[in-house]
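S.K.: Handing over target.cif, mmCIF, C-alpha atoms and all ligand atoms.
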```
data_work
loop_
_atom_site.label_atom_id
_atom_site.label_comp_id
_atom_site.auth_asym_id
_atom_site.auth_seq_id
_atom_site.Cartn_x
_atom_site.Cartn_y
_atom_site.Cartn_z
CA MET A 1 192.41 150.51 1.40
CA SER A 2 193.82 149.03 -1.75
CA LEU A 3 196.29 149.76 -4.52
CA PHE A 4 193.65 150.59 -7.07
CA THR A 5 191.16 153.41 -7.25
CA THR A 6 187.60 153.12 -8.53
CA THR A 7 188.79 154.45 -11.88
CA SER A 8 191.97 152.38 -12.28
CA SER A 9 191.97 151.54 -15.98
CA TRP A 10 193.80 148.25 -15.51
CA LYS A 11 191.67 146.84 -12.68
CA GLU A 12 189.63 143.70 -13.26
CA ASP A 13 187.68 141.49 -10.85
CA GLU A 14 190.64 139.06 -10.77
CA HIS A 15 192.82 141.78 -9.23
CA GLU A 16 190.46 142.14 -6.29
CA ILE A 17 190.34 138.38 -5.81
CA PHE A 18 194.14 138.15 -6.00
CA ALA A 19 194.59 141.08 -3.57
CA GLU A 20 192.21 139.41 -1.12
CA SER A 21 194.12 136.12 -1.28
CA ILE A 22 197.46 137.90 -0.70
CA ARG A 23 196.00 139.71 2.28
CA ARG A 24 194.75 136.47 3.83
CA PHE A 25 198.12 134.82 3.25
CA PHE A 26 200.04 137.74 4.75
CA ASP A 27 197.70 137.93 7.77
CA LYS A 28 198.46 134.30 8.52
CA GLU A 29 202.08 133.87 7.46
CA MET A 30 203.68 137.33 7.49
CA THR A 31 202.18 139.55 10.20
CA PRO A 32 202.85 137.16 13.11
CA ASN A 33 206.50 136.83 12.02
CA ILE A 34 207.55 140.43 11.33
CA GLU A 35 209.16 141.00 14.73
CA LYS A 36 210.92 137.66 14.59
CA TRP A 37 212.32 138.38 11.13
CA ALA A 38 213.59 141.78 12.28
CA ASP A 39 215.32 140.13 15.26
CA GLN A 40 216.94 137.37 13.20
CA GLY A 41 217.88 139.74 10.35
CA VAL A 42 216.23 137.71 7.64
CA CYS A 43 212.84 136.49 6.48
CA ASP A 44 212.29 132.73 7.04
CA ARG A 45 213.30 130.63 4.04
CA LYS A 46 210.10 128.63 4.33
CA PHE A 47 208.03 131.79 3.80
CA TRP A 48 209.33 131.87 0.20
CA ASP A 49 208.25 128.24 -0.29
CA LYS A 50 204.79 128.95 1.10
CA ALA A 51 204.42 132.06 -1.06
CA GLY A 52 205.37 129.92 -4.05
CA GLN A 53 202.82 127.26 -3.13
CA VAL A 54 199.95 129.77 -2.99
CA GLY A 55 200.93 131.32 -6.32
CA ILE A 56 202.07 134.72 -5.08
CA LEU A 57 205.57 134.70 -6.58
CA GLY A 58 204.59 134.18 -10.19
CA GLY A 59 201.58 136.47 -10.56
CA SER A 60 203.13 138.33 -13.49
CA ILE A 61 204.94 135.40 -15.10
CA PRO A 62 203.46 133.55 -18.10
CA GLN A 63 201.75 130.23 -17.46
CA GLU A 64 204.29 128.30 -19.54
CA TYR A 65 206.84 129.10 -16.80
CA GLY A 66 204.48 128.23 -13.96
CA GLY A 67 202.99 131.70 -13.33
CA SER A 68 199.52 133.19 -13.59
CA ASP A 69 200.16 135.55 -16.50
CA GLY A 70 198.64 138.49 -14.63
CA GLY A 71 201.04 141.23 -15.77
CA TYR A 72 202.88 143.78 -13.64
CA ALA A 73 199.67 144.64 -11.82
CA TYR A 74 199.80 141.29 -9.99
CA ASP A 75 203.31 141.89 -8.64
CA SER A 76 202.31 145.47 -7.77
CA LEU A 77 199.48 144.09 -5.65
CA VAL A 78 201.89 141.83 -3.77
CA ILE A 79 204.26 144.73 -3.08
CA TYR A 80 201.45 147.05 -2.02
CA GLU A 81 199.99 144.46 0.36
CA GLN A 82 203.42 143.80 1.86
CA GLY A 83 203.78 147.53 2.57
CA ARG A 84 200.27 147.63 4.00
CA ALA A 85 201.20 144.73 6.26
CA ALA A 86 204.14 146.89 7.48
CA ASP A 87 206.75 144.35 6.44
CA SER A 88 210.13 145.21 4.94
CA ALA A 89 211.88 141.89 5.49
CA TRP A 90 210.71 139.85 2.54
CA GLY A 91 212.73 140.67 -0.59
CA PHE A 92 210.02 140.03 -3.17
CA GLY A 93 210.55 143.33 -5.01
CA ILE A 94 214.06 142.36 -6.14
CA HIS A 95 212.91 138.80 -6.85
CA SER A 96 210.25 140.20 -9.18
CA ILE A 97 212.76 142.51 -10.89
CA VAL A 98 215.10 139.57 -11.58
CA MET A 99 212.23 137.49 -13.00
CA HIS A 100 211.39 140.32 -15.40
CA TYR A 101 215.01 140.61 -16.56
CA LEU A 102 214.98 136.89 -17.34
CA LEU A 103 211.60 137.06 -19.01
CA THR A 104 212.65 139.97 -21.22
CA TYR A 105 216.24 139.08 -22.11
CA GLY A 106 216.72 135.42 -21.18
CA SER A 107 217.16 132.68 -23.76
CA GLU A 108 214.45 130.03 -23.92
CA ASP A 109 216.77 127.67 -22.07
CA GLN A 110 217.42 130.22 -19.28
CA LYS A 111 213.73 131.00 -18.92
CA SER A 112 212.62 127.39 -18.72
CA ARG A 113 215.51 126.50 -16.38
CA TRP A 114 215.08 129.35 -13.87
CA LEU A 115 211.65 130.95 -14.02
CA PRO A 116 209.55 127.97 -12.85
CA ARG A 117 211.92 127.57 -9.88
CA MET A 118 211.64 131.28 -9.06
CA VAL A 119 207.86 131.00 -9.25
CA ASN A 120 207.77 128.08 -6.80
CA GLY A 121 210.25 129.67 -4.38
CA GLU A 122 213.11 127.23 -4.92
CA LEU A 123 215.27 130.00 -6.37
CA ILE A 124 215.49 133.43 -4.72
CA GLY A 125 216.69 136.26 -6.93
CA ALA A 126 219.08 139.14 -6.27
CA LEU A 127 220.38 141.89 -8.50
CA ALA A 128 224.01 142.81 -7.89
CA MET A 129 224.97 146.09 -9.50
CA SER A 130 226.44 148.36 -6.78
CA GLU A 131 230.08 148.17 -5.80
CA PRO A 132 232.11 149.91 -3.10
CA ASN A 133 233.20 152.52 -5.69
CA ALA A 134 230.18 152.56 -7.98
CA GLY A 135 226.55 153.15 -7.00
CA SER A 136 224.91 156.05 -8.85
CA ASP A 137 227.69 155.91 -11.43
CA LEU A 138 227.21 152.33 -12.59
CA GLN A 139 229.48 152.73 -15.58
CA ALA A 140 232.35 152.77 -13.08
CA ILE A 141 231.88 149.17 -11.93
CA ARG A 142 235.07 147.12 -11.82
CA THR A 143 233.90 143.54 -11.36
CA SER A 144 235.17 141.81 -14.46
CA ALA A 145 234.28 138.70 -16.44
CA THR A 146 237.03 137.25 -18.61
CA LYS A 147 236.45 134.47 -21.12
CA ASP A 148 238.22 131.17 -20.52
CA GLY A 149 237.10 128.42 -22.89
CA ASN A 150 233.36 128.11 -22.44
CA LEU A 151 233.49 129.80 -19.01
CA TYR A 152 233.65 133.30 -17.60
CA ARG A 153 236.06 133.93 -14.75
CA ILE A 154 234.53 136.64 -12.57
CA ASN A 155 236.58 138.78 -10.19
CA GLY A 156 235.48 141.65 -7.98
CA SER A 157 232.91 142.47 -5.32
CA LYS A 158 229.43 143.88 -4.85
CA ILE A 159 227.97 145.76 -1.92
CA TYR A 160 224.56 146.47 -0.32
CA ILE A 161 222.90 143.59 -2.16
CA THR A 162 219.30 142.93 -1.10
CA ASN A 163 218.60 139.19 -0.57
CA GLY A 164 222.38 138.90 -0.56
CA MET A 165 222.50 136.25 2.18
CA THR A 166 219.68 134.08 0.86
CA ALA A 167 219.60 134.48 -2.92
CA ASN A 168 220.67 131.50 -5.00
CA LEU A 169 220.28 133.15 -8.41
CA ILE A 170 222.15 136.44 -8.59
CA LEU A 171 222.02 138.58 -11.69
CA THR A 172 225.38 140.33 -11.61
CA ALA A 173 226.61 143.36 -13.55
CA VAL A 174 230.15 142.85 -14.80
CA LYS A 175 232.58 144.44 -17.18
CA THR A 176 233.15 142.12 -20.14
CA ASP A 177 235.13 144.88 -21.85
CA LYS A 178 237.17 147.07 -19.51
CA SER A 179 238.24 149.41 -22.29
CA THR A 180 234.79 150.98 -22.66
CA GLY A 181 232.21 152.44 -20.26
CA SER A 182 228.56 151.48 -20.44
CA LYS A 183 229.03 149.42 -23.63
CA GLY A 184 231.41 147.10 -21.77
CA ILE A 185 228.82 146.06 -19.18
CA SER A 186 227.02 142.70 -19.29
CA LEU A 187 224.69 140.84 -16.95
CA ILE A 188 225.58 137.30 -15.94
CA ALA A 189 223.45 135.00 -13.79
CA ILE A 190 225.31 133.37 -10.93
CA GLU A 191 223.85 130.06 -9.82
CA VAL A 192 225.21 130.24 -6.32
CA ASP A 193 225.12 126.55 -5.45
CA GLU A 194 227.12 125.66 -8.55
CA THR A 195 229.65 128.49 -8.51
CA GLU A 196 233.11 127.86 -7.15
CA GLY A 197 234.86 131.10 -6.18
CA PHE A 198 231.69 132.91 -5.08
CA SER A 199 231.26 133.89 -1.43
CA ARG A 200 229.11 136.13 0.72
CA GLY A 201 230.41 138.59 3.28
CA LYS A 202 228.72 139.15 6.59
CA GLN A 203 225.21 140.46 6.89
CA LEU A 204 225.34 144.30 6.81
CA GLU A 205 223.88 146.15 9.81
CA LYS A 206 221.39 148.82 8.72
CA LEU A 207 219.49 151.80 10.16
CA GLY A 208 216.18 150.13 9.30
CA MET A 209 214.80 147.19 7.32
CA HIS A 210 216.30 144.94 9.96
CA GLY A 211 214.54 141.82 8.73
CA ASN A 212 215.84 142.23 5.18
CA ASP A 213 219.18 140.60 4.45
CA THR A 214 221.69 142.89 2.78
CA ALA A 215 225.17 141.63 2.00
CA GLU A 216 228.50 142.10 0.34
CA LEU A 217 229.34 139.51 -2.36
CA PHE A 218 232.77 138.39 -3.49
CA PHE A 219 233.94 136.84 -6.73
CA ASP A 220 237.37 135.27 -6.60
CA ASP A 221 237.95 133.76 -10.02
CA ALA A 222 234.35 132.53 -9.88
CA LYS A 223 233.71 130.22 -12.82
CA VAL A 224 230.39 130.60 -14.59
CA PRO A 225 229.27 128.96 -17.86
CA MET A 226 229.14 131.38 -20.77
CA THR A 227 225.54 130.27 -21.30
CA ASN A 228 224.68 132.29 -18.17
CA LEU A 229 225.19 135.57 -20.03
CA LEU A 230 221.88 137.42 -20.27
CA GLY A 231 221.05 138.31 -23.84
CA PRO A 232 222.48 137.17 -27.16
CA GLU A 233 225.77 139.06 -26.89
CA GLU A 234 228.03 140.87 -24.44
CA GLY A 235 227.79 144.59 -23.80
CA GLN A 236 223.98 144.69 -23.43
CA GLY A 237 223.91 145.00 -19.64
CA PHE A 238 223.63 148.76 -19.32
CA TYR A 239 220.90 148.93 -21.93
CA GLN A 240 219.04 146.07 -20.21
CA MET A 241 219.28 147.81 -16.84
CA MET A 242 218.03 151.13 -18.25
CA LYS A 243 215.08 149.40 -19.91
CA GLN A 244 214.03 147.64 -16.71
CA LEU A 245 214.28 150.75 -14.55
CA PRO A 246 210.63 151.86 -14.87
CA TRP A 247 209.50 148.70 -13.06
CA GLU A 248 212.25 148.93 -10.44
CA ARG A 249 211.32 152.51 -9.69
CA LEU A 250 207.60 151.97 -9.64
CA ILE A 251 207.99 149.14 -7.13
CA ILE A 252 209.48 151.60 -4.65
CA ALA A 253 206.54 153.97 -5.01
CA VAL A 254 204.03 151.11 -4.67
CA GLY A 255 205.69 149.90 -1.47
CA ALA A 256 205.69 153.49 -0.19
CA LEU A 257 201.94 153.75 -0.70
CA GLY A 258 201.30 150.51 1.19
CA ALA A 259 203.43 151.67 4.12
CA MET A 260 201.67 155.05 4.18
CA ASP A 261 198.25 153.40 4.27
CA TYR A 262 199.38 151.28 7.21
CA ALA A 263 200.87 154.30 9.00
CA ILE A 264 197.76 156.46 8.61
CA ASN A 265 195.34 153.70 9.65
CA SER A 266 197.31 152.81 12.74
CA THR A 267 197.75 156.50 13.65
CA VAL A 268 194.01 157.15 13.37
CA GLU A 269 193.36 154.24 15.71
CA PHE A 270 195.96 155.53 18.16
CA VAL A 271 194.76 159.14 18.29
CA LYS A 272 191.15 158.08 18.77
CA ASP A 273 192.17 156.11 21.82
CA ARG A 274 194.86 158.28 23.45
CA LYS A 275 193.80 161.26 25.59
CA ALA A 276 195.49 164.50 26.73
CA PHE A 277 193.99 167.54 28.50
CA GLY A 278 190.74 165.60 28.87
CA LYS A 279 190.29 165.16 25.12
CA ARG A 280 191.13 162.53 22.53
CA ILE A 281 194.32 163.43 20.60
CA MET A 282 192.06 163.14 17.55
CA ASP A 283 190.02 166.13 18.81
CA PHE A 284 192.89 168.62 18.53
CA GLN A 285 192.65 170.64 15.34
CA ASN A 286 196.37 170.08 14.67
CA THR A 287 195.84 166.31 14.66
CA ARG A 288 192.86 166.54 12.32
CA PHE A 289 194.69 168.83 9.91
CA LYS A 290 197.85 166.72 9.91
CA LEU A 291 195.88 163.55 9.23
CA ALA A 292 193.88 165.31 6.51
CA GLU A 293 197.12 166.39 4.84
CA CYS A 294 198.60 162.89 5.08
CA LYS A 295 195.47 161.27 3.69
CA THR A 296 195.28 163.72 0.80
CA ARG A 297 198.91 163.12 -0.13
CA CYS A 298 198.29 159.39 -0.02
CA GLU A 299 195.30 159.61 -2.36
CA VAL A 300 197.19 161.82 -4.84
CA LEU A 301 200.00 159.27 -4.87
CA ARG A 302 197.52 156.39 -5.30
CA ALA A 303 196.04 158.01 -8.40
CA PHE A 304 199.48 158.67 -9.90
CA ILE A 305 200.72 155.15 -9.19
CA SER A 306 197.57 153.64 -10.60
CA ASP A 307 198.11 155.61 -13.78
CA CYS A 308 201.76 154.46 -13.91
CA ILE A 309 200.72 150.80 -13.55
CA GLY A 310 198.27 151.23 -16.43
CA ARG A 311 201.03 152.75 -18.57
CA LEU A 312 203.50 150.02 -17.61
CA GLU A 313 201.03 147.32 -18.60
CA LYS A 314 200.78 148.93 -22.02
CA GLY A 315 204.58 149.30 -22.29
CA GLU A 316 204.23 153.08 -22.14
CA LEU A 317 205.81 154.00 -18.81
CA ASP A 318 208.79 156.19 -19.64
CA ALA A 319 211.87 156.56 -17.45
CA ALA A 320 211.12 160.15 -16.41
CA THR A 321 207.57 159.37 -15.22
CA ALA A 322 208.78 156.29 -13.32
CA SER A 323 211.47 158.48 -11.74
CA MET A 324 208.77 160.94 -10.63
CA ALA A 325 206.86 158.08 -8.99
CA LYS A 326 209.99 156.85 -7.19
CA TYR A 327 211.09 160.30 -6.05
CA TRP A 328 207.66 161.60 -5.09
CA GLY A 329 206.50 158.33 -3.53
CA SER A 330 209.55 157.87 -1.33
CA GLN A 331 209.71 161.54 -0.33
CA THR A 332 206.02 161.59 0.57
CA GLN A 333 206.36 158.31 2.46
CA ASN A 334 209.11 159.79 4.64
CA GLU A 335 207.16 162.97 5.35
CA VAL A 336 203.84 161.24 6.05
CA ILE A 337 205.38 158.63 8.34
CA ASP A 338 207.26 161.37 10.21
CA GLU A 339 203.94 163.16 10.88
CA CYS A 340 202.33 159.88 11.96
CA LEU A 341 205.18 159.17 14.37
CA GLN A 342 204.85 162.68 15.83
CA LEU A 343 201.15 162.10 16.55
CA HIS A 344 202.10 159.02 18.59
CA GLY A 345 204.23 161.13 20.96
CA GLY A 346 206.93 159.23 22.87
CA TYR A 347 205.34 155.89 22.13
CA GLY A 348 206.04 156.48 18.43
CA TYR A 349 209.75 156.36 19.17
CA MET A 350 209.59 153.03 20.98
CA ARG A 351 210.68 149.92 19.09
CA GLU A 352 207.52 148.11 20.15
CA CYS A 353 205.46 150.69 18.23
CA PRO A 354 205.37 149.63 14.54
CA ILE A 355 205.46 153.25 13.40
CA SER A 356 209.06 153.56 14.67
CA ARG A 357 210.04 150.63 12.45
CA LEU A 358 208.23 152.17 9.47
CA TYR A 359 210.07 155.44 10.08
CA ALA A 360 213.49 153.76 9.97
CA ASP A 361 212.52 151.54 7.02
CA ALA A 362 211.32 154.50 4.95
CA ARG A 363 214.63 156.34 4.88
CA VAL A 364 216.39 154.07 2.41
CA GLN A 365 213.60 154.42 -0.11
CA LYS A 366 215.11 157.80 -1.05
CA ILE A 367 218.49 156.14 -1.65
CA TYR A 368 218.22 152.75 -3.33
CA GLY A 369 216.86 152.05 -6.79
CA GLY A 370 218.69 155.22 -7.85
CA THR A 371 218.90 158.10 -5.38
CA ASN A 372 216.24 160.81 -5.51
CA GLU A 373 218.89 163.25 -6.74
CA ILE A 374 219.49 160.96 -9.73
CA MET A 375 215.68 160.74 -10.22
CA LYS A 376 215.46 164.53 -10.39
CA GLU A 377 218.37 164.60 -12.83
CA LEU A 378 216.54 162.14 -15.11
CA ILE A 379 213.31 164.12 -14.89
CA ALA A 380 215.14 167.36 -15.68
CA ARG A 381 216.95 165.70 -18.60
CA SER A 382 213.58 164.81 -20.14
CA MET A 383 212.70 168.52 -20.00
CA ASP A 384 215.98 169.58 -21.59
CA SER A 385 216.12 167.42 -24.71
C1 LIG B 401 219.42 148.82 2.05
C2 LIG B 401 220.01 148.93 0.68
C3 LIG B 401 219.72 147.96 -0.27
C4 LIG B 401 220.30 148.02 -1.53
N1 LIG B 401 220.04 147.02 -2.44
C5 LIG B 401 220.77 146.97 -3.60
C6 LIG B 401 220.65 145.85 -4.49
O1 LIG B 401 219.88 144.91 -4.24
N2 LIG B 401 221.41 145.84 -5.60
C7 LIG B 401 222.28 146.85 -5.92
O2 LIG B 401 222.93 146.76 -6.94
N3 LIG B 401 222.39 147.93 -5.10
C8 LIG B 401 221.66 148.02 -3.95
N4 LIG B 401 221.79 149.10 -3.12
C9 LIG B 401 222.70 150.17 -3.48
C10 LIG B 401 221.99 151.44 -3.89
O3 LIG B 401 221.35 151.27 -5.14
C11 LIG B 401 223.02 152.57 -3.91
O4 LIG B 401 223.40 152.81 -2.56
C12 LIG B 401 222.50 153.84 -4.55
O5 LIG B 401 222.32 153.67 -5.93
C13 LIG B 401 223.45 155.03 -4.33
O6 LIG B 401 224.76 154.69 -4.67
P1 LIG B 401 225.94 154.99 -3.62
O7 LIG B 401 225.57 154.40 -2.32
O8 LIG B 401 227.21 154.54 -4.25
O9 LIG B 401 225.95 156.55 -3.45
P2 LIG B 401 226.76 157.60 -4.35
O10 LIG B 401 226.51 157.32 -5.78
O11 LIG B 401 228.16 157.67 -3.89
O12 LIG B 401 226.02 158.96 -3.97
C14 LIG B 401 226.33 159.74 -2.82
C15 LIG B 401 225.47 161.02 -2.86
O13 LIG B 401 225.83 161.76 -4.03
C16 LIG B 401 224.68 162.03 -4.81
N5 LIG B 401 225.01 162.00 -6.24
C17 LIG B 401 225.71 161.06 -6.92
N6 LIG B 401 225.76 161.36 -8.22
C18 LIG B 401 225.06 162.53 -8.37
C19 LIG B 401 224.73 163.35 -9.49
N7 LIG B 401 225.11 163.03 -10.72
N8 LIG B 401 224.00 164.47 -9.26
C20 LIG B 401 223.61 164.78 -8.02
N9 LIG B 401 223.87 164.06 -6.93
C21 LIG B 401 224.59 162.93 -7.10
C22 LIG B 401 223.72 160.90 -4.47
O14 LIG B 401 222.37 161.26 -4.77
C23 LIG B 401 223.97 160.73 -2.99
O15 LIG B 401 223.25 161.68 -2.28
C24 LIG B 401 221.17 149.09 -1.87
C25 LIG B 401 221.43 150.08 -0.93
C26 LIG B 401 220.89 150.01 0.33
C27 LIG B 401 221.22 151.07 1.34
#
```
Can I see the file as structure tokens?
Ligand SMILES: Cc1cc2nc3c(=O)[nH]c(=O)nc-3n(C[C@H](O)[C@H](O)[C@H](O)COP(=O)(O)OP(=O)(O)OC[C@H]3O[C@@H](n4cnc5c(N)ncnc54)[C@H](O)[C@@H]3O)c2cc1C
M.R.:
Amino acid sequence: MSLFTTTSSWKEDEHEIFAESIRRFFDKEMTPNIEKWADQGVCDRKFWDKAGQVGILGGSIPQEYGGSDGGYAYDSLVIYEQGRAADSAWGFGIHSIVMHYLLTYGSEDQKSRWLPRMVNGELIGALAMSEPNAGSDLQAIRTSATKDGNLYRINGSKIYITNGMTANLILTAVKTDKSTGSKGISLIAIEVDETEGFSRGKQLEKLGMHGNDTAELFFDDAKVPMTNLLGPEEGQGFYQMMKQLPWERLIIAVGALGAMDYAINSTVEFVKDRKAFGKRIMDFQNTRFKLAECKTRCEVLRAFISDCIGRLEKGELDAATASMAKYWGSQTQNEVIDECLQLHGGYGYMRECPISRLYADARVQKIYGGTNEIMKELIARSMDS
């Protein structure tokens, strides 16, 4: 199983070689640690360093910043393989999103200062948009940045931030002009180790994704150099976020596909082995039909995602199509994994059975990155213009 199909327009031999190297790395460094990361609530810091050393973090980043210049397809392969390894602890998806914000909107100084250190794992990225009173409705954020000499003073808080406990470069959405809505929003990079007035709350307890650190962040007159503003002027944040959404949304669908491939493969193995009424579970017509349905849905999603990656590489993935991938991918993931769990019987509900972890992990895919209701709204809007 792989991310690409035989007709993927974007696929080259290098993609297969890269996918193979990721798989080997994950087999050795990720798979044996998944349970441990879930128990400790966070992926090991040294895993980031190792991933940096083997060139996995910078697959899509230009060589001048230490990457391999492989385009979005390279990061998609990493995210797919992580899903296929059944891991949800490592926060690479957000790290990749932050790198692409910097690459697209960062000044030359910001890019050369931060990107090489994100590619080698020294810096871990987070994207802090959501607040206790503003999730879907991002225009309502209240965290503010006020100019003071050549500094911004940032006040407010963020919630549900992935990589929140470990990130040391946090791209934060703030209001630089409280008198307007979306036009008053800017993105400012917080260099955690150098920012007085920044603090992290406690690790948030979640239904699933236990190995992935999610936190609340606080800004109490946090002082940040004005040179950390992303883009040439204030008020660009909302536009920047909207422009980057196709990648953020596609990532969720790619991860969904990886998790579904894992779920189906492990379920097939289970039902071939387990017996009831003197037969293999696999021999019941219900099992065969359910698995056939799951597999078909997976292959339809694979073809759609592959097409979306091709469009993204050409700069042609529009917001509505990316929203379809996010909505459909996450919805299908939840339904397929539910069927797979059912075929495991009681064992599927036990924590020791990986499918139970996949089931809990899948639920949030319909919520973060923009809820599926918001995705449907965006799709409908594209039909009503
Ligand atoms: C595990 C996890 C990790 C996360 N990681 C991050 C992160 O790294 N960075 C970050 O910034 N945020 C992150 N989030 C936050 C996430 O993006 C938000 O939770 C999400 O956007 C929804 O916002 P909300 O929770 O405020 O829900 P609300 O916006 O309050 O929505 C509540 C319900 O109302 C529905 N709704 C809202 N508006 C509409 C509408 N116009 N039409 C129809 N229905 C509507 C929603 O679909 C939802 O069902 C994370 C969340 C979780 C759970």
S.K.: Would you mind reading off the distance between atom CA of A:Tyr368 and atom CA of A:Ala189, one decimal, in Å?
M.R.: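 Separation between atom CA of A:Tyr368 and atom CA of A:Ala189: 21.3 Å.
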S.K.: List the spatial neighbours of A:Ser88 as a short mmCIF file (atom, residue, chain, number, x, y, z; two decimals) with C-alpha atoms, in the frame of the given file - criterion: any atom at most 8 Å away, only C-alpha atoms, same-chain residues fewer than 6 positions off excluded.
M.R.:
```cif
data_model
loop_
_atom_site.label_atom_id
_atom_site.label_comp_id
_atom_site.auth_asym_id
_atom_site.auth_seq_id
_atom_site.Cartn_x
_atom_site.Cartn_y
_atom_site.Cartn_z
CA GLN A 82 203.42 143.80 1.86
CA MET A 209 214.80 147.19 7.32
CA HIS A 210 216.30 144.94 9.96
CA GLY A 211 214.54 141.82 8.73
CA ASN A 212 215.84 142.23 5.18
CA ASP A 361 212.52 151.54 7.02
#
```
S.K.: Give me the residues near A:Lys147 as a VMD selection string, where near means some atom within 9 Å (using only C-alpha atoms) and where sequence neighbours in that chain fewer than 6 positions away do not count.
M.R.: chain A and resid 153 176 226
S.K.: As a VMD selection string, please: every protein or nucleic acid residue near ligand LIG 401 (chain B) (cut-off 9 Å, counting all atoms listed in the file).
M.R.: chain A and resid 94 126 to 138 158 to 164 172 to 173 204 206 to 209 212 to 215 361 364 to 377
S.K.: Considering only C-alpha atoms, can you say which of A:Tyr327, A:Tyr262, A:Tyr74, A:Tyr105 comes closest to A:Met1?
M.R.: A:Tyr262
S.K.: Quick one: residues within 10 Å of (209.4, 140.6, -9.8) (file frame), counting only C-alpha atoms, please, as a PyMOL selection string.
M.R.: chain A and resi 57-61+72+74-76+78-79+91-101+118-119+125+247-248+251
S.K.: Write out as a list in words each polymer residue whose atoms come within 9 Å of stretch 21-30 of chain A, counting only C-alpha atoms; drop sequence neighbours fewer than 3 positions from it.
M.R.: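 Once the adjacent positions are removed, what remains is Glu16, Ile17, Phe18, Asn33, Ile34, Phe47, Lys50, Ala51, Val54, Ile56, Leu77, Val78, Glu81, Gln82, Ala85, Asp87 and Trp90 of chain A.
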S.K.: Convert the current residue selection to file output with C-alpha atoms, as an mmCIF file, keeping the file's coordinate frame.
M.R.:
```cif
data_model
loop_
_atom_site.group_PDB
_atom_site.id
_atom_site.type_symbol
_atom_site.label_atom_id
_atom_site.label_comp_id
_atom_site.auth_asym_id
_atom_site.auth_seq_id
_atom_site.Cartn_x
_atom_site.Cartn_y
_atom_site.Cartn_z
ATOM 1 C CA GLU A 16 190.460 142.140 -6.290
ATOM 2 C CA ILE A 17 190.340 138.380 -5.810
ATOM 3 C CA PHE A 18 194.140 138.150 -6.000
ATOM 4 C CA ASN A 33 206.500 136.830 12.020
ATOM 5 C CA ILE A 34 207.550 140.430 11.330
ATOM 6 C CA PHE A 47 208.030 131.790 3.800
ATOM 7 C CA LYS A 50 204.790 128.950 1.100
ATOM 8 C CA ALA A 51 204.420 132.060 -1.060
ATOM 9 C CA VAL A 54 199.950 129.770 -2.990
ATOM 10 C CA ILE A 56 202.070 134.720 -5.080
ATOM 11 C CA LEU A 77 199.480 144.090 -5.650
ATOM 12 C CA VAL A 78 201.890 141.830 -3.770
ATOM 13 C CA GLU A 81 199.990 144.460 0.360
ATOM 14 C CA GLN A 82 203.420 143.800 1.860
ATOM 15 C CA ALA A 85 201.200 144.730 6.260
ATOM 16 C CA ASP A 87 206.750 144.350 6.440
ATOM 17 C CA TRP A 90 210.710 139.850 2.540
#
```
S.K.: Just how far from atom CA of A:Gly201 is atom CA of A:Ala222, in Å to one decimal?
M.R.: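 Rounded to one decimal, the two atoms are 15.0 Å apart.
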S.K.: Can you pull out the residues contacting A:Asn334? Cut-off 9 Å, using only C-alpha atoms, and skip same-chain residues under 6 positions away; I want them as an NGL selection string.
M.R.: :A and (256 or 260 or 359 or 362-363 or 365-366)
S.K.: Residues of the last selection are to be written out with C-alpha atoms, as a compact mmCIF listing (two decimals), keeping the file's coordinate frame.
M.R.:
```txt
# COMPACT_ATOMS: atom_id res chain seq x y z
CA ALA A 256 205.69 153.49 -0.19
CA MET A 260 201.67 155.05 4.18
CA TYR A 359 210.07 155.44 10.08
CA ALA A 362 211.32 154.50 4.95
CA ARG A 363 214.63 156.34 4.88
CA GLN A 365 213.60 154.42 -0.11
CA LYS A 366 215.11 157.80 -1.05
```
S.K.: Kindly compute an axis-aligned box around the listed atoms of stretch 264-272 of chain A, allowing 6 Å on each side, and express its centre and edge lengths in Å to one decimal as JSON.
M.R.:
```
{"center_x": 194.5, "center_y": 156.0, "center_z": 13.7, "size_x": 18.6, "size_y": 18.3, "size_z": 22.2}
```
S.K.: List the residues sitting within 6 Å of (203.5, 150.6, -0.9) in the file's frame, using all atoms listed in the file, as a ChimeraX atom specification.
M.R.: /A:80,83,254-259
